[in-house]
$ cat input.tsv   # TSV, C-alpha atoms and all ligand atoms
chain	number	residue	atom	x	y	z
A	63	MET	CA	0.00	7.76	-70.17
A	64	LEU	CA	-3.18	7.77	-68.13
A	65	ASP	CA	-2.66	4.10	-67.32
A	66	ARG	CA	0.06	5.27	-64.93
A	67	LEU	CA	-2.63	6.45	-62.56
A	68	ALA	CA	-3.03	4.03	-59.66
A	69	PRO	CA	-6.57	3.55	-58.36
A	70	GLN	CA	-7.34	5.66	-55.29
A	71	ALA	CA	-9.47	4.54	-52.36
A	72	PRO	CA	-13.01	5.90	-52.68
A	73	ASP	CA	-14.08	8.50	-50.15
A	74	ALA	CA	-14.92	6.42	-47.08
A	75	LEU	CA	-17.95	8.53	-46.11
A	76	LEU	CA	-19.44	8.37	-49.60
A	77	ALA	CA	-19.02	4.59	-49.52
A	78	LEU	CA	-20.80	4.57	-46.15
A	79	ILE	CA	-23.74	6.55	-47.59
A	80	LYS	CA	-24.18	3.87	-50.25
A	81	LEU	CA	-24.02	1.03	-47.70
A	82	HIS	CA	-26.67	2.78	-45.59
A	83	ARG	CA	-28.88	3.38	-48.63
A	84	ASP	CA	-28.73	-0.29	-49.60
A	85	ASP	CA	-29.52	-1.56	-46.08
A	86	PRO	CA	-33.17	-2.77	-46.10
A	87	ARG	CA	-33.63	-2.51	-42.29
A	88	THR	CA	-36.29	0.10	-41.52
A	89	ASP	CA	-34.79	1.03	-38.15
A	90	LYS	CA	-31.29	1.72	-39.53
A	91	ILE	CA	-29.57	4.89	-38.25
A	92	ASP	CA	-27.26	7.10	-40.35
A	93	LEU	CA	-24.71	8.93	-38.21
A	94	GLY	CA	-22.21	9.19	-41.07
A	95	VAL	CA	-22.99	11.94	-43.53
A	96	GLY	CA	-22.14	15.47	-42.35
A	97	VAL	CA	-25.38	17.38	-42.78
A	98	TYR	CA	-27.92	18.64	-40.26
A	99	ARG	CA	-31.06	16.53	-39.84
A	100	THR	CA	-34.38	17.53	-38.29
A	101	GLY	CA	-36.11	15.37	-35.69
A	102	GLN	CA	-37.92	13.77	-38.65
A	103	GLY	CA	-34.61	12.90	-40.32
A	104	GLY	CA	-34.76	15.39	-43.21
A	105	THR	CA	-32.40	18.13	-44.37
A	106	PRO	CA	-34.92	20.67	-45.70
A	107	VAL	CA	-34.14	23.93	-47.45
A	108	PHE	CA	-34.35	26.84	-44.97
A	109	GLY	CA	-37.60	28.84	-45.32
A	110	ALA	CA	-35.51	32.03	-45.50
A	111	ILE	CA	-33.53	30.56	-48.40
A	112	LYS	CA	-36.72	29.54	-50.23
A	113	ALA	CA	-38.07	33.08	-49.80
A	114	ALA	CA	-34.79	34.62	-50.99
A	115	GLU	CA	-34.68	32.26	-53.97
A	116	ARG	CA	-38.20	33.31	-55.00
A	117	LEU	CA	-37.13	36.94	-54.76
A	118	LEU	CA	-34.02	36.13	-56.79
A	119	VAL	CA	-36.04	34.53	-59.58
A	120	GLU	CA	-38.24	37.60	-59.74
A	121	THR	CA	-35.57	40.27	-59.55
A	122	GLN	CA	-32.33	38.90	-61.05
A	123	ASP	CA	-31.97	40.51	-64.45
A	124	SER	CA	-28.73	38.93	-65.67
A	125	LYS	CA	-26.53	35.93	-65.20
A	126	SER	CA	-23.55	37.45	-66.93
A	127	TYR	CA	-20.14	36.90	-65.34
A	128	LEU	CA	-19.09	38.39	-62.04
A	129	GLY	CA	-15.37	38.62	-61.31
A	130	PRO	CA	-13.21	36.13	-59.38
A	131	GLU	CA	-14.34	37.90	-56.19
A	132	GLY	CA	-17.93	36.74	-56.75
A	133	ASP	CA	-20.84	38.57	-55.12
A	134	MET	CA	-19.25	41.32	-53.03
A	135	GLY	CA	-22.67	42.30	-51.63
A	136	PHE	CA	-22.76	38.82	-50.06
A	137	VAL	CA	-19.16	39.04	-48.84
A	138	GLU	CA	-19.75	42.41	-47.16
A	139	ALA	CA	-23.20	41.64	-45.74
A	140	LEU	CA	-21.72	38.64	-43.95
A	141	MET	CA	-18.89	40.57	-42.29
A	142	PRO	CA	-20.79	41.97	-39.27
A	143	TYR	CA	-21.85	38.40	-38.41
A	144	VAL	CA	-18.34	37.01	-38.77
A	145	PHE	CA	-16.24	39.83	-37.33
A	146	GLY	CA	-18.79	41.55	-35.09
A	147	ALA	CA	-21.25	44.36	-35.77
A	148	GLY	CA	-19.10	46.88	-33.87
A	149	ASN	CA	-16.06	46.84	-36.15
A	150	PRO	CA	-16.71	44.42	-39.03
A	151	THR	CA	-13.63	45.44	-41.04
A	152	MET	CA	-11.22	45.89	-38.10
A	153	GLY	CA	-10.74	49.49	-39.13
A	154	GLY	CA	-10.50	48.73	-42.83
A	155	ARG	CA	-7.92	45.95	-42.40
A	156	ILE	CA	-10.25	43.11	-43.48
A	157	GLU	CA	-11.30	42.40	-47.04
A	158	GLY	CA	-12.87	39.30	-48.53
A	159	MET	CA	-14.13	37.50	-51.57
A	160	GLN	CA	-16.63	34.76	-52.31
A	161	THR	CA	-15.41	31.17	-52.72
A	162	PRO	CA	-16.98	27.85	-53.77
A	163	GLY	CA	-17.88	26.69	-50.25
A	164	GLY	CA	-15.65	26.57	-47.22
A	165	THR	CA	-13.51	24.09	-49.14
A	166	GLY	CA	-12.70	26.76	-51.73
A	167	ALA	CA	-11.93	29.18	-48.90
A	168	VAL	CA	-9.54	26.73	-47.20
A	169	ARG	CA	-7.89	26.05	-50.55
A	170	LEU	CA	-7.49	29.77	-51.23
A	171	ALA	CA	-6.24	30.59	-47.72
A	172	THR	CA	-3.59	27.89	-47.78
A	173	ALA	CA	-2.57	28.61	-51.38
A	174	LEU	CA	-2.25	32.32	-50.60
A	175	ALA	CA	-0.21	31.53	-47.49
A	176	LYS	CA	2.06	29.42	-49.68
A	177	ALA	CA	2.39	32.23	-52.23
A	178	ALA	CA	3.41	34.51	-49.34
A	179	GLY	CA	6.11	32.10	-48.17
A	180	THR	CA	4.41	29.53	-45.94
A	181	ARG	CA	6.14	26.18	-46.19
A	182	ARG	CA	4.74	24.35	-43.17
A	183	VAL	CA	1.29	24.26	-41.61
A	184	HIS	CA	0.70	23.20	-38.00
A	185	MET	CA	-2.61	21.47	-37.56
A	186	GLY	CA	-4.41	19.68	-34.75
A	187	THR	CA	-5.37	16.08	-35.42
A	188	PRO	CA	-7.79	14.55	-35.95
A	189	SER	CA	-9.17	17.13	-38.34
A	190	TRP	CA	-11.52	17.39	-41.29
A	191	PRO	CA	-9.78	14.95	-43.70
A	192	ASN	CA	-9.80	17.48	-46.54
A	193	HIS	CA	-7.45	19.77	-44.61
A	194	ALA	CA	-4.64	17.25	-45.00
A	195	GLN	CA	-5.61	16.55	-48.61
A	196	ILE	CA	-5.53	20.22	-49.58
A	197	LEU	CA	-2.20	20.79	-47.84
A	198	ALA	CA	-0.71	17.70	-49.52
A	199	ASP	CA	-1.98	18.86	-52.90
A	200	LEU	CA	-0.24	22.20	-52.34
A	201	ASP	CA	2.98	20.44	-51.31
A	202	LEU	CA	2.87	22.10	-47.92
A	203	GLU	CA	4.49	20.26	-45.04
A	204	VAL	CA	2.09	19.34	-42.24
A	205	ALA	CA	3.21	19.43	-38.61
A	206	SER	CA	0.50	17.84	-36.51
A	207	PHE	CA	-0.29	18.17	-32.85
A	208	ALA	CA	-2.94	16.37	-30.80
A	209	HIS	CA	-6.13	18.42	-30.72
A	210	ALA	CA	-7.85	16.68	-27.84
A	211	ASN	CA	-7.17	15.03	-24.52
A	212	ALA	CA	-8.53	11.57	-23.75
A	213	ASP	CA	-11.14	13.07	-21.39
A	214	GLY	CA	-12.87	14.93	-24.23
A	215	THR	CA	-11.33	18.36	-23.55
A	216	ALA	CA	-9.09	20.40	-25.86
A	217	ASN	CA	-5.34	19.92	-25.52
A	218	LEU	CA	-4.33	23.52	-24.88
A	219	ASP	CA	-0.68	22.69	-24.18
A	220	ALA	CA	-0.29	21.09	-27.61
A	221	VAL	CA	-1.67	24.05	-29.56
A	222	LEU	CA	0.32	26.53	-27.50
A	223	ALA	CA	3.51	24.53	-28.09
A	224	ALA	CA	2.81	24.48	-31.83
A	225	ILE	CA	2.24	28.25	-31.95
A	226	ARG	CA	5.22	29.07	-29.74
A	227	GLY	CA	7.49	26.69	-31.65
A	228	ALA	CA	6.45	28.02	-35.06
A	229	GLN	CA	9.13	29.57	-37.20
A	230	GLU	CA	9.04	32.26	-39.86
A	231	GLY	CA	7.19	30.70	-42.81
A	232	ASP	CA	4.87	28.58	-40.65
A	233	ALA	CA	1.10	28.83	-40.46
A	234	VAL	CA	-1.21	27.36	-37.82
A	235	LEU	CA	-4.61	26.12	-38.99
A	236	LEU	CA	-7.37	26.15	-36.35
A	237	HIS	CA	-11.09	25.40	-36.37
A	238	GLY	CA	-13.06	28.48	-35.27
A	239	CYS	CA	-15.89	26.49	-33.67
A	240	CYS	CA	-17.73	23.16	-33.72
A	241	HIS	CA	-14.54	21.21	-34.38
A	242	ASN	CA	-14.85	18.51	-37.04
A	243	PRO	CA	-14.66	15.64	-36.11
A	244	THR	CA	-14.36	15.92	-32.31
A	245	GLY	CA	-16.87	18.66	-31.40
A	246	ILE	CA	-14.21	19.80	-28.91
A	247	ASP	CA	-13.71	23.57	-28.99
A	248	TYR	CA	-11.33	25.78	-27.03
A	249	THR	CA	-13.01	27.69	-24.21
A	250	PRO	CA	-12.94	31.53	-24.33
A	251	GLU	CA	-10.14	31.45	-21.70
A	252	GLN	CA	-8.15	29.01	-23.82
A	253	TRP	CA	-8.65	31.26	-26.87
A	254	ASN	CA	-7.17	34.12	-24.80
A	255	ALA	CA	-4.05	32.03	-24.24
A	256	ILE	CA	-3.95	31.03	-27.92
A	257	ALA	CA	-4.27	34.66	-29.01
A	258	ALA	CA	-1.50	35.71	-26.61
A	259	ALA	CA	0.75	32.96	-27.99
A	260	PHE	CA	0.05	34.09	-31.57
A	261	ALA	CA	0.91	37.66	-30.60
A	262	GLU	CA	4.41	36.46	-29.66
A	263	SER	CA	4.81	34.04	-32.55
A	264	ALA	CA	5.96	34.23	-36.16
A	265	ALA	CA	3.09	31.95	-37.19
A	266	LEU	CA	0.35	33.08	-39.56
A	267	PRO	CA	-3.08	32.12	-38.13
A	268	ILE	CA	-5.49	30.47	-40.58
A	269	ILE	CA	-8.90	29.99	-38.99
A	270	ASP	CA	-11.51	27.75	-40.59
A	271	VAL	CA	-15.05	28.75	-39.59
A	272	ALA	CA	-17.41	26.21	-41.14
A	273	TYR	CA	-20.15	25.97	-38.51
A	274	GLN	CA	-20.81	29.42	-37.05
A	275	GLY	CA	-24.10	29.41	-35.15
A	276	LEU	CA	-24.30	25.64	-34.72
A	277	GLY	CA	-22.55	25.59	-31.34
A	278	HIS	CA	-23.80	28.27	-28.94
A	279	GLY	CA	-24.84	31.18	-31.21
A	280	MET	CA	-23.48	33.37	-34.01
A	281	ASP	CA	-21.54	35.72	-31.71
A	282	GLU	CA	-20.59	33.05	-29.18
A	283	ASP	CA	-19.13	30.81	-31.89
A	284	ALA	CA	-17.02	33.67	-33.25
A	285	VAL	CA	-15.39	34.57	-29.92
A	286	GLY	CA	-12.25	32.51	-30.51
A	287	MET	CA	-11.59	33.83	-33.99
A	288	ARG	CA	-12.28	37.43	-32.97
A	289	THR	CA	-9.99	37.08	-29.94
A	290	VAL	CA	-7.15	35.95	-32.18
A	291	LEU	CA	-7.81	38.71	-34.74
A	292	ALA	CA	-7.67	41.35	-32.01
A	293	ALA	CA	-4.21	40.12	-30.96
A	294	VAL	CA	-2.35	39.59	-34.23
A	295	PRO	CA	-1.19	41.76	-37.12
A	296	GLU	CA	-2.51	39.51	-39.87
A	297	ALA	CA	-4.61	36.38	-40.36
A	298	LEU	CA	-6.59	34.43	-42.93
A	299	ILE	CA	-10.19	33.27	-42.43
A	300	ALA	CA	-11.96	30.53	-44.38
A	301	TYR	CA	-15.74	30.66	-43.98
A	302	SER	CA	-18.59	28.38	-45.01
A	303	CYS	CA	-22.31	29.25	-45.25
A	304	ASP	CA	-23.12	25.69	-46.27
A	305	LYS	CA	-24.16	24.53	-42.79
A	306	ASN	CA	-25.57	27.67	-41.17
A	307	PHE	CA	-27.72	28.45	-44.22
A	308	GLY	CA	-28.26	24.78	-45.19
A	309	LEU	CA	-26.85	25.42	-48.67
A	310	TYR	CA	-24.45	22.46	-48.91
A	311	ARG	CA	-24.65	21.68	-52.64
A	312	ASP	CA	-24.88	25.31	-53.68
A	313	ARG	CA	-21.29	25.79	-52.45
A	314	VAL	CA	-21.32	29.09	-50.59
A	315	GLY	CA	-18.21	30.29	-48.81
A	316	ALA	CA	-15.97	33.29	-48.30
A	317	PHE	CA	-12.31	33.99	-47.78
A	318	TYR	CA	-11.22	36.96	-45.67
A	319	VAL	CA	-7.82	38.41	-45.02
A	320	MET	CA	-6.92	40.70	-42.16
A	321	ALA	CA	-3.81	42.65	-43.15
A	322	GLN	CA	-1.42	44.51	-40.92
A	323	ASP	CA	-2.29	47.69	-42.75
A	324	SER	CA	-5.20	48.45	-45.08
A	325	GLY	CA	-2.72	49.69	-47.69
A	326	GLN	CA	-1.49	46.11	-48.14
A	327	LEU	CA	-4.93	44.78	-49.05
A	328	PRO	CA	-4.95	45.59	-52.81
A	329	ALA	CA	-1.74	43.63	-53.40
A	330	ILE	CA	-2.87	40.73	-51.18
A	331	MET	CA	-6.30	40.51	-52.80
A	332	SER	CA	-4.82	40.70	-56.30
A	333	ASN	CA	-2.91	37.52	-55.44
A	334	ALA	CA	-6.08	35.90	-54.10
A	335	TYR	CA	-7.96	36.82	-57.31
A	336	GLY	CA	-5.16	35.31	-59.40
A	337	LEU	CA	-5.33	32.05	-57.42
A	338	ALA	CA	-9.11	31.96	-57.73
A	339	ARG	CA	-8.86	32.49	-61.50
A	340	ALA	CA	-6.44	29.58	-61.78
A	341	ASN	CA	-8.56	27.30	-59.57
A	342	TRP	CA	-12.21	28.01	-60.42
A	343	SER	CA	-12.25	31.36	-62.22
A	344	MET	CA	-15.27	32.55	-60.25
A	345	PRO	CA	-17.56	31.03	-57.64
A	346	PRO	CA	-21.15	29.83	-58.28
A	347	ASP	CA	-23.55	32.70	-57.76
A	348	HIS	CA	-26.97	31.40	-56.77
A	349	GLY	CA	-26.56	30.48	-53.09
A	350	ALA	CA	-24.45	33.52	-52.26
A	351	ALA	CA	-26.99	35.80	-53.94
A	352	ALA	CA	-29.73	34.21	-51.80
A	353	VAL	CA	-27.67	34.81	-48.63
A	354	ARG	CA	-27.13	38.45	-49.68
A	355	LEU	CA	-30.89	38.93	-50.08
A	356	ILE	CA	-31.49	37.44	-46.63
A	357	LEU	CA	-28.86	39.56	-44.90
A	358	ARG	CA	-30.09	42.78	-46.51
A	359	ASP	CA	-33.70	42.20	-45.44
A	360	PRO	CA	-34.42	42.41	-41.68
A	361	ALA	CA	-37.47	40.14	-41.90
A	362	LEU	CA	-35.59	37.44	-43.83
A	363	THR	CA	-32.61	37.81	-41.48
A	364	ALA	CA	-34.88	37.25	-38.48
A	365	MET	CA	-36.39	34.21	-40.19
A	366	TRP	CA	-32.95	32.74	-40.93
A	367	LEU	CA	-31.68	33.33	-37.37
A	368	ASP	CA	-34.82	31.70	-36.01
A	369	GLU	CA	-34.28	28.62	-38.18
A	370	LEU	CA	-30.65	28.49	-37.09
A	371	ASP	CA	-31.75	28.71	-33.44
A	372	THR	CA	-34.09	25.76	-33.95
A	373	MET	CA	-31.29	23.74	-35.48
A	374	ARG	CA	-28.86	24.55	-32.68
A	375	ALA	CA	-31.45	23.87	-29.98
A	376	ARG	CA	-32.14	20.44	-31.43
A	377	MET	CA	-28.46	19.51	-31.48
A	378	ARG	CA	-28.02	20.73	-27.90
A	379	GLN	CA	-31.04	18.66	-26.88
A	380	VAL	CA	-29.60	15.50	-28.46
A	381	ARG	CA	-26.24	16.18	-26.81
A	382	GLU	CA	-27.91	16.69	-23.46
A	383	LYS	CA	-29.79	13.39	-23.78
A	384	LEU	CA	-26.58	11.56	-24.63
A	385	ALA	CA	-24.70	13.21	-21.76
A	386	ASN	CA	-27.52	12.42	-19.33
A	387	ALA	CA	-27.26	8.75	-20.27
A	388	GLY	CA	-23.83	8.85	-18.58
A	389	THR	CA	-22.18	5.72	-19.86
A	390	ALA	CA	-23.19	3.18	-22.47
A	391	GLY	CA	-21.11	0.06	-21.88
A	392	THR	CA	-17.55	1.35	-21.79
A	393	VAL	CA	-18.35	4.62	-23.59
A	394	ASP	CA	-18.54	7.75	-21.46
A	395	LEU	CA	-21.17	9.93	-23.14
A	396	ALA	CA	-20.94	12.77	-20.60
A	397	PRO	CA	-18.35	14.83	-22.58
A	398	LEU	CA	-20.71	15.02	-25.57
A	399	GLY	CA	-22.86	17.45	-23.59
A	400	SER	CA	-20.15	20.12	-23.61
A	401	GLN	CA	-19.00	19.44	-27.17
A	402	ASN	CA	-20.38	21.50	-30.04
A	403	GLY	CA	-21.86	21.22	-33.50
A	404	LEU	CA	-22.70	18.21	-35.60
A	405	PHE	CA	-19.88	15.90	-34.60
A	406	SER	CA	-18.29	13.97	-31.78
A	407	VAL	CA	-15.89	11.04	-31.80
A	408	LEU	CA	-16.67	7.93	-29.75
A	409	PRO	CA	-13.81	5.75	-28.52
A	410	LEU	CA	-14.80	2.61	-30.42
A	411	SER	CA	-12.68	-0.09	-32.03
A	412	LYS	CA	-13.02	-1.02	-35.70
A	413	ASP	CA	-14.75	-4.23	-34.61
A	414	GLN	CA	-17.25	-2.37	-32.45
A	415	ILE	CA	-18.04	0.04	-35.32
A	416	ALA	CA	-18.46	-2.93	-37.68
A	417	SER	CA	-20.74	-4.68	-35.19
A	418	LEU	CA	-22.89	-1.55	-34.77
A	419	ARG	CA	-23.38	-1.61	-38.53
A	420	ALA	CA	-23.84	-5.35	-39.04
A	421	ASP	CA	-25.88	-6.17	-35.95
A	422	HIS	CA	-27.76	-2.92	-35.32
A	423	GLY	CA	-27.91	-1.05	-38.65
A	424	ILE	CA	-26.05	1.92	-37.15
A	425	TYR	CA	-23.73	3.64	-39.62
A	426	MET	CA	-20.84	5.87	-38.54
A	427	ALA	CA	-17.44	6.83	-39.91
A	428	GLY	CA	-14.58	4.39	-39.36
A	429	SER	CA	-12.96	6.97	-37.07
A	430	GLY	CA	-15.84	6.65	-34.59
A	431	ARG	CA	-17.18	10.06	-35.62
A	432	ILE	CA	-20.93	10.40	-35.20
A	433	ASN	CA	-23.23	13.12	-36.53
A	434	VAL	CA	-25.44	13.80	-33.50
A	435	ALA	CA	-28.12	15.26	-35.79
A	436	GLY	CA	-28.73	11.70	-37.03
A	437	LEU	CA	-30.24	10.92	-33.62
A	438	THR	CA	-33.92	11.57	-32.89
A	439	GLU	CA	-36.44	10.98	-30.10
A	440	GLY	CA	-37.30	7.78	-31.93
A	441	ASN	CA	-33.83	6.25	-32.30
A	442	ILE	CA	-31.61	7.61	-29.52
A	443	GLY	CA	-32.64	4.86	-27.09
A	444	LYS	CA	-31.79	2.16	-29.60
A	445	PHE	CA	-28.43	3.85	-30.26
A	446	ILE	CA	-27.44	4.00	-26.58
A	447	GLY	CA	-28.56	0.39	-26.09
A	448	ALA	CA	-26.54	-0.79	-29.08
A	449	LEU	CA	-23.46	1.07	-27.86
A	450	ALA	CA	-23.78	-0.66	-24.50
A	451	GLU	CA	-24.16	-4.03	-26.20
A	452	VAL	CA	-21.16	-3.79	-28.57
A	453	THR	CA	-18.82	-2.46	-25.87
A	454	ALA	CA	-19.97	-4.81	-23.09
B	501	LIG	N1	-13.96	23.12	-42.93
B	501	LIG	C1	-14.44	22.17	-42.12
B	501	LIG	C2	-13.82	22.01	-40.78
B	501	LIG	C3	-15.49	21.35	-42.53
B	501	LIG	O1	-15.93	20.41	-41.71
B	501	LIG	C4	-16.05	21.54	-43.82
B	501	LIG	C5	-17.17	20.71	-44.35
B	501	LIG	N2	-17.69	19.77	-43.84
B	501	LIG	C6	-15.54	22.56	-44.61
B	501	LIG	C7	-14.50	23.32	-44.15
B	501	LIG	C8	-16.05	22.81	-46.02
B	501	LIG	O2	-17.36	23.09	-46.13
B	501	LIG	P1	-18.07	23.31	-47.53
B	501	LIG	O3	-19.07	22.23	-47.68
B	501	LIG	O4	-18.66	24.67	-47.43
B	501	LIG	O5	-17.02	23.26	-48.61
$ encode --input "input.tsv" --output "structure tokens"
Amino acid sequence: MLDRLAPQAPDALLALIKLHRDDPRTDKIDLGVGVYRTGQGGTPVFGAIKAAERLLVETQDSKSYLGPEGDMGFVEALMPYVFGAGNPTMGGRIEGMQTPGGTGAVRLATALAKAAGTRRVHMGTPSWPNHAQILADLDLEVASFAHANADGTANLDAVLAAIRGAQEGDAVLLHGCCHNPTGIDYTPEQWNAIAAAFAESAALPIIDVAYQGLGHGMDEDAVGMRTVLAAVPEALIAYSCDKNFGLYRDRVGAFYVMAQDSGQLPAIMSNAYGLARANWSMPPDHGAAAVRLILRDPALTAMWLDELDTMRARMRQVREKLANAGTAGTVDLAPLGSQNGLFSVLPLSKDQIASLRADHGIYMAGSGRINVAGLTEGNIGKFIGALAEVTA
């Protein structure tokens, strides 16, 4: 029976990682893989995480099972950062649970929406490729709209049309900040318009927050999501700590639901627990426990926020350098200065991307997505020069 399975294309980014690894050129540049890099090219463990892990080794007295909700101390300690210190539960209307990474949270949010009657999900494209894969796996219909304009700004009209045109049983999936792959976020004014459209729409908002703190700051990056939550009766939030705590492989995420009324939360969460049980039973503990220890200790919290600031400042610096270069051949780099997070998409043809790889040792996704954190003082000049050459 298993011979009925047709081979599937390997993940393009994983294939790219292997090609880069096997390239003997010493001045090769990896702009493919989606992790933060320091100016020295590494992705080190945060000092705050190391300290919390040491504390965990010393103090953890059991590894017996938690429930499908995972570490609720983690889930609750995170809420003031996500939803704001002033009213982190929206008057008791928000409850959450731990998930295996942001991926688990997106899976749970969309599966729960489906269980509640969602049949179609509106989504801006391009998007993180796994959004479409998860929705397809759940047999949810995808209605796409263009996320960005050609000038590197967000296409507000398209998202508003999607929200306004949504019918009962529709959800709209948005990126909270640091859009993957474009880096193009809605401005606070645009979020106001989006929130107002949601308030008049039947659509269920699902907001994916995978990069809080990597754009302009923890509070700044949450403005859009919080604006929507203040305007609507109910919403689902998928959250990842894998970038802003550098925990990638430890798989740390959370799923939150804002209900119309706090009395609805037990029934809603019981459905979420059931879905978690069927998907992964319970999430991995270690990384979430380390985040809990950080967030409950003011000194460790300060250390973490400082490390996050350093990360964000470096990405802003790289973006500024690119923007200041103006154009490289036919590529206008100016919009990259106002884009956010790890990623931006360059308007390059397949041939130009292939030539960057073959002739210059520069590796990027086939979509033209670059990870700006792959650029350093030492290689940014070469990158801009190569862009000019392949697009000349
Ligand atoms: N949502 C978006 C938009 C992402 O880009 C990613 C990861 N790159 C995720 C969710 C999932 O993150 P995680 O690694 O925590 O599963």
$ residues_near_ligand --input "input.tsv" --ligand "ligand LIG 501 (chain B)" --cutoff "6 Å" --atoms "only C-alpha atoms and all ligand atoms" --output "list in words"
Gly163, Gly164, Thr165, Trp190, Asn242, Asp270, Ala272, Ser302, Asp304, Tyr310, Arg313 and Gly315 of chain A
$ closest_residue --input "input.tsv" --among "A:Pro72, A:Gly275, A:Gly186, A:Gly158" --to "A:Val234" --atoms "only C-alpha atoms"
A:Gly186
$ residues_around --input "input.tsv" --residues "stretch 325-335 of chain A" --least-positions-apart "6" --cutoff "7 Å" --atoms "all atoms listed in the file" --output "PyMOL selection string"
chain A and resi 130-131+170+174
$ residues_around --input "input.tsv" --residues "A:Glu138" --least-positions-apart "2" --cutoff "10 Å" --atoms "all atoms listed in the file" --output "VMD selection string"
chain A and resid 133 to 136 140 to 143 150 to 151 157 to 160 316 354 357
$ residues_around --input "input.tsv" --residues "A:Arg181" --least-positions-apart "2" --cutoff "7 Å" --atoms "all atoms listed in the file" --output "list in words"
Lys176, Gly179, Val183, Leu202, Glu203, Gly231 and Asp232 of chain A
$ residues_around --input "input.tsv" --residues "A:Ala194" --least-positions-apart "6" --cutoff "12 Å" --atoms "only C-alpha atoms" --output "PyMOL selection string"
chain A and resi 165+168-169+172+182-188+200-206+235
$ decode --input "input.tsv" --residues "stretch 145-170 of chain A" --atoms "C-alpha atoms" --output "compact mmCIF listing (two decimals), in the first residue's frame"
# COMPACT_ATOMS: atom_id res chain seq x y z
CA PHE A 145 -1.34 41.69 25.12
CA GLY A 146 0.05 44.63 27.08
CA ALA A 147 0.90 45.02 30.77
CA GLY A 148 -2.22 47.14 31.38
CA ASN A 149 -4.85 44.51 30.63
CA PRO A 150 -3.09 41.25 29.70
CA THR A 151 -6.26 39.12 29.74
CA MET A 152 -8.63 41.69 28.20
CA GLY A 153 -10.75 41.52 31.32
CA GLY A 154 -10.55 37.75 31.62
CA ARG A 155 -11.50 37.11 27.98
CA ILE A 156 -8.09 35.71 26.94
CA GLU A 157 -6.79 32.29 27.83
CA GLY A 158 -3.92 30.33 26.33
CA MET A 159 -1.91 27.16 26.25
CA GLN A 160 1.60 26.15 25.26
CA THR A 161 2.24 24.70 21.79
CA PRO A 162 5.20 23.11 19.99
CA GLY A 163 6.50 26.33 18.41
CA GLY A 164 4.55 28.88 16.45
CA THR A 165 3.87 26.12 13.93
CA GLY A 166 1.92 24.17 16.55
CA ALA A 167 0.06 27.36 17.45
CA VAL A 168 -0.91 28.05 13.81
CA ARG A 169 -1.99 24.43 13.46
CA LEU A 170 -4.10 24.62 16.61
